[in-house]
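> Quick one: structure below, then a few questions.
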Amino acid sequence: MPKNDPTTDPALRSWAEGAGDAGADFPIQNLPYGVVRRAGTGEPFRCAVAIGTSALDLAVLHEAGLFAGTPVEGHNVFAHPALNAFMGMGHAAHRAVRARLSVLLREETPDLRDNAALRDRAFIPLARAEHGLPALVGDYTDFYASIHHATNVGSMFRPDNPLLPNYKHIPIGYHGRASSLVVSGASVRRPSGQTKADDADAPTFGPCKLLDYELEVGVYVGAGNALGAPIPIDRAREHLFGVSLVNDWSARDIQKWEYQPLGPFLAKSFATTVSPWIVPMDALAPFRCPAFKRAAGDPSPLPHLTDAADRERGGIDLTLEVHIASKQMREQNAAPVRISHGHFRDMYWTFAQMLAHHASNGCNMRPGDMFASGTVSGTTPDSRGCLLERTWAGQGKPRQPIELPTGEKRVFLEDGDEVTLRGWCEREGAVRIGLGECRGVVVGADATN
């Protein structure tokens, strides 16, 4: 990305409603992409960006000729119910469209500002918008990139050897289930599965008893690569489109029984919630930070996972939170309780390293593929990104429940619990940008769709 990119200039101001509100997630410096339609209309989903308190229909802008002279001029890639066609056009096209949108939405630009009829067609208030999945995700890979999370979980099950020998050499991941990705706001049914109690002679089948959330960040692939053609780490940014929030719901009792020897399966594949907005990598440029500083004695990554620019700016200074509201709390209009507060800069592996590793064997990535970071955890109890860690008191000690304002206690999730993830970037000299929210309510295993 060029230095002094005008789209992230903190001096920019927009005429769009709510774009200048203090603490707003979607100022003009952000412009995240998503897929929306007017709620209750049944109209087709179309590609949009969020600005202030509205979604801006990009297909309408294209129809009005406002993308003339950009790489998308010849084909309205935004008149689709997913961003894949636009994603696949590559970083140069993404940058050109972002630059055009930034100019159109600036307070001094009249083209859209002074065209009331076009504004009425193009703007959808977020309060009256229905969201679709932002991309058709063909493949979803879940990584395990937080060394703090990996160490905590390893300590629970392998106290003498928390980290396996490969952890500090390669980004560990598994192939998730793309078909069960759901957009923020969708209910999540408690899964049923096979579990085995420690003192039981045989497993049983029934509803999961140890349901958990996992606080994660996802990154979407833009332009892909040909089968057999690895992606060098210094070219990774050309293939990464943007980031969003991810809740990788997990059935811990099912997971404990099934994960040996091949890893997660049914404990993860029942649902993964993603936030509706994808913050483009260019919007995150002011908040890039050095990659995680490895401890003395840690091995250096192999050459295909090493890049000077990634070491200097491969991290993202992103603040993340998890809030819970039980059904009883919502009935009493009690505010959700924050139970986790962490930072994405604490991740051991960067997104560029994940992509380079994933493609190093020639695996082909496609537009809209998604990687999740794995649970984001830090060094303190309140920075742990899942209940498995959050309520863990240490080896051999009983779990410490989280107490809610209603007097209810949680070790794992109960039916009716609503989990909301939030994330934002802020620093002195830059305008705060947000990722929105990633929300889901747990419903019982016998709930009907």
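Each chain in the structure tokens gets a letter, A, B, ..., in the order shown, and its residues are numbered from 1; ligands are numbered from 1 in order too.
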What are the closest atom pairs, with distances in Å to one decimal, for each residue of segment 117-136 of chain A lying within 8 Å of segment 265-289 of chain A, using only C-alpha atoms, rows by chain and rising residue number, as JSON lines?

```
{"residue": "A:His131", "atom": "CA", "partner": "A:Pro276", "partner_atom": "CA", "distance": 6.3}
{"residue": "A:Gly132", "atom": "CA", "partner": "A:Pro276", "partner_atom": "CA", "distance": 7.0}
{"residue": "A:Leu133", "atom": "CA", "partner": "A:Pro276", "partner_atom": "CA", "distance": 6.3}
{"residue": "A:Pro134", "atom": "CA", "partner": "A:Pro276", "partner_atom": "CA", "distance": 6.0}
```
> Could you save the residues just selected, with C-alpha atoms, as a PDB file, in the first residue's frame?

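Generated output (selection.pdb):
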```pdb
ATOM      1  CA  HIS A 131     -27.394  -9.129   5.970  1.00  0.00           C
ATOM      2  CA  GLY A 132     -26.288 -12.082   3.935  1.00  0.00           C
ATOM      3  CA  LEU A 133     -22.996 -13.932   4.120  1.00  0.00           C
ATOM      4  CA  PRO A 134     -20.514 -11.522   2.541  1.00  0.00           C
TER       5      PRO A 134
END
```
> For segment 150-156 of chain A, find every residue with an atom within 9 Å (counting only C-alpha atoms), except residues of its own chain fewer than 6 positions away, and show them as an MDAnalysis selection string.
chainID A and resid 144 162:164 167 375 377 388:389 392 394:396
> Can you write out the residues you just picked, keeping C-alpha atoms, as an mmCIF file, in the first residue's frame?

```cif
data_model
loop_
_atom_site.group_PDB
_atom_site.id
_atom_site.type_symbol
_atom_site.label_atom_id
_atom_site.label_comp_id
_atom_site.auth_asym_id
_atom_site.auth_seq_id
_atom_site.Cartn_x
_atom_site.Cartn_y
_atom_site.Cartn_z
ATOM 1 C CA TYR A 144 -4.389 -22.171 15.934
ATOM 2 C CA PRO A 162 1.627 -28.218 26.478
ATOM 3 C CA LEU A 163 3.016 -27.301 23.047
ATOM 4 C CA LEU A 164 3.635 -30.004 20.506
ATOM 5 C CA TYR A 167 3.875 -25.456 16.951
ATOM 6 C CA THR A 375 -8.937 -18.420 19.448
ATOM 7 C CA SER A 377 -6.028 -15.220 23.876
ATOM 8 C CA LEU A 388 -12.677 -23.443 28.175
ATOM 9 C CA GLU A 389 -9.836 -21.106 29.123
ATOM 10 C CA TRP A 392 -10.085 -22.638 33.940
ATOM 11 C CA GLY A 394 -5.301 -24.248 36.566
ATOM 12 C CA GLN A 395 -4.299 -27.887 36.591
ATOM 13 C CA GLY A 396 -6.157 -29.899 39.221
#
```
> Kindly provide the residues of segment 110-203 of chain A that approach segment 403-414 of chain A to within 12 Å, each paired with its closest atom pair and their distance in Å to one decimal, based on only C-alpha atoms, listed by chain and increasing number, as a Markdown table.

```
| residue | atom | partner | partner_atom | distance |
| --- | --- | --- | --- | --- |
| A:Val188 | CA | A:Leu413 | CA | 11.5 |
| A:Arg189 | CA | A:Glu414 | CA | 11.1 |
| A:Arg190 | CA | A:Glu414 | CA | 9.1 |
```
> Do you have the atom CA of Glu426 of chain A-atom CA of Val376 of chain A distance handy?
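Atom CA of Glu426 of chain A sits 18.2 Å away from atom CA of Val376 of chain A.
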> Give the answer as one residue: which of A:Thr53, A:Asn247, A:Ser300, A:Asn364 has the shortest atom-to-atom distance to Thr420 of chain A, using only C-alpha atoms?
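For Thr420 of chain A, the nearest of the given residues is A:Asn247.
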> Which residue is closest to Ala11 of chain A? Choose from A:Ala445, A:Val221, A:Ala430, A:Leu181 and count only C-alpha atoms.
A:Ala430
> Which of these, A:Met87, A:Ile254, A:Ile433, A:Val442, has the shortest distance to His239 of chain A once you count only C-alpha atoms?
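So, comparing all the options, the nearest one is A:Met87.
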> Which neighbours of Ala197 of chain A fall inside 9 Å, counting only C-alpha atoms, when residues of the same chain fewer than 4 positions from it are skipped, and could you give them as a PDB file with C-alpha atoms, in the first residue's frame?

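Output contents, as saved in around_16.pdb:
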```pdb
ATOM      1  CA  ASP A 201     -17.246 -47.631  30.061  1.00  0.00           C
ATOM      2  CA  ALA A 202     -18.793 -46.592  26.730  1.00  0.00           C
ATOM      3  CA  PRO A 203     -19.821 -43.444  24.896  1.00  0.00           C
ATOM      4  CA  THR A 204     -23.376 -42.123  24.626  1.00  0.00           C
ATOM      5  CA  ASP A 253     -17.324 -32.707  25.232  1.00  0.00           C
ATOM      6  CA  TRP A 257     -13.874 -37.706  22.566  1.00  0.00           C
TER       7      TRP A 257
END
```
> Among segment 153-293 of chain A, which residues does DSSP mark as strand (DSSP E or B) when it is run on the backbone? Keep the chain and numbering as in the structure and answer as a ChimeraX atom specification.
/A:173-175,181-183,187-189,192-195,204-207,211-212,215-221,240-247,250-251,272-274,278-280,288-289
> Tell me, counting only C-alpha atoms, for each residue of segment 375-402 of chain A within 12 Å of segment 324-344 of chain A, which pair of atoms is nearest and how far apart they are in Å to one decimal, in rows ordered by chain and increasing number, as a tab-separated table.

```
residue	atom	partner	partner_atom	distance
A:Thr375	CA	A:Phe344	CA	9.8
A:Val376	CA	A:Phe344	CA	6.5
A:Ser377	CA	A:Gly342	CA	6.4
A:Gly378	CA	A:Gly342	CA	6.2
A:Thr379	CA	A:Gly342	CA	9.1
A:Thr380	CA	A:Gly342	CA	8.9
A:Pro381	CA	A:Ser340	CA	8.3
A:Asp382	CA	A:Ser340	CA	5.0
A:Ser383	CA	A:Gly342	CA	4.5
A:Arg384	CA	A:Ser340	CA	6.2
A:Gly385	CA	A:Ser340	CA	6.2
A:Cys386	CA	A:Ser340	CA	8.1
A:Leu387	CA	A:Ile339	CA	9.0
A:Glu389	CA	A:Ser340	CA	10.6
A:Arg390	CA	A:Ser340	CA	8.0
A:Thr391	CA	A:Ile339	CA	10.2
A:Pro401	CA	A:Ile339	CA	11.2
A:Ile402	CA	A:Ile339	CA	8.0
```
> Can you write just those residues out, C-alpha atoms, as an mmCIF file, in the first residue's frame?

```
data_model
loop_
_atom_site.group_PDB
_atom_site.id
_atom_site.type_symbol
_atom_site.label_atom_id
_atom_site.label_comp_id
_atom_site.auth_asym_id
_atom_site.auth_seq_id
_atom_site.Cartn_x
_atom_site.Cartn_y
_atom_site.Cartn_z
ATOM 1 C CA THR A 375 -8.937 -18.420 19.448
ATOM 2 C CA VAL A 376 -7.409 -15.058 20.326
ATOM 3 C CA SER A 377 -6.028 -15.220 23.876
ATOM 4 C CA GLY A 378 -3.544 -13.231 25.890
ATOM 5 C CA THR A 379 -1.562 -13.652 29.072
ATOM 6 C CA THR A 380 -4.233 -12.604 31.601
ATOM 7 C CA PRO A 381 -7.432 -14.465 32.571
ATOM 8 C CA ASP A 382 -9.690 -11.736 31.170
ATOM 9 C CA SER A 383 -7.922 -11.912 27.795
ATOM 10 C CA ARG A 384 -8.712 -15.579 27.276
ATOM 11 C CA GLY A 385 -10.917 -16.009 24.223
ATOM 12 C CA CYS A 386 -13.158 -18.956 25.121
ATOM 13 C CA LEU A 387 -14.902 -20.357 28.184
ATOM 14 C CA GLU A 389 -9.836 -21.106 29.123
ATOM 15 C CA ARG A 390 -11.830 -18.327 30.804
ATOM 16 C CA THR A 391 -13.248 -20.528 33.573
ATOM 17 C CA PRO A 401 -17.785 -19.944 36.976
ATOM 18 C CA ILE A 402 -18.520 -16.502 35.573
#
```
> Pick the closest to Tyr348 of chain A from A:Ala99, A:Ala135, A:Ile172, A:Ala82: which is it, counting only C-alpha atoms?
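Among the listed residues, the smallest separation from Tyr348 of chain A belongs to A:Ile172.
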> Set the distance at 7 Å and use only C-alpha atoms: which residues neighbour Gly423 of chain A once local chain neighbours fewer than 6 positions away are removed? I'd like the list as number ranges by chain.
A: 318-321, 434-436
> Work out how far atom CA of Trp424 of chain A is from atom CA of Leu305 of chain A, in Å to one decimal.
27.3 Å
> For each of A:Ala309, A:Val419, A:Met354, A:Val49, take the minimum atom-to-atom distance to Arg98 of chain A, counting only C-alpha atoms, then give the residue where this is smallest.
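Selected residue with least distance to Arg98 of chain A: A:Val49.
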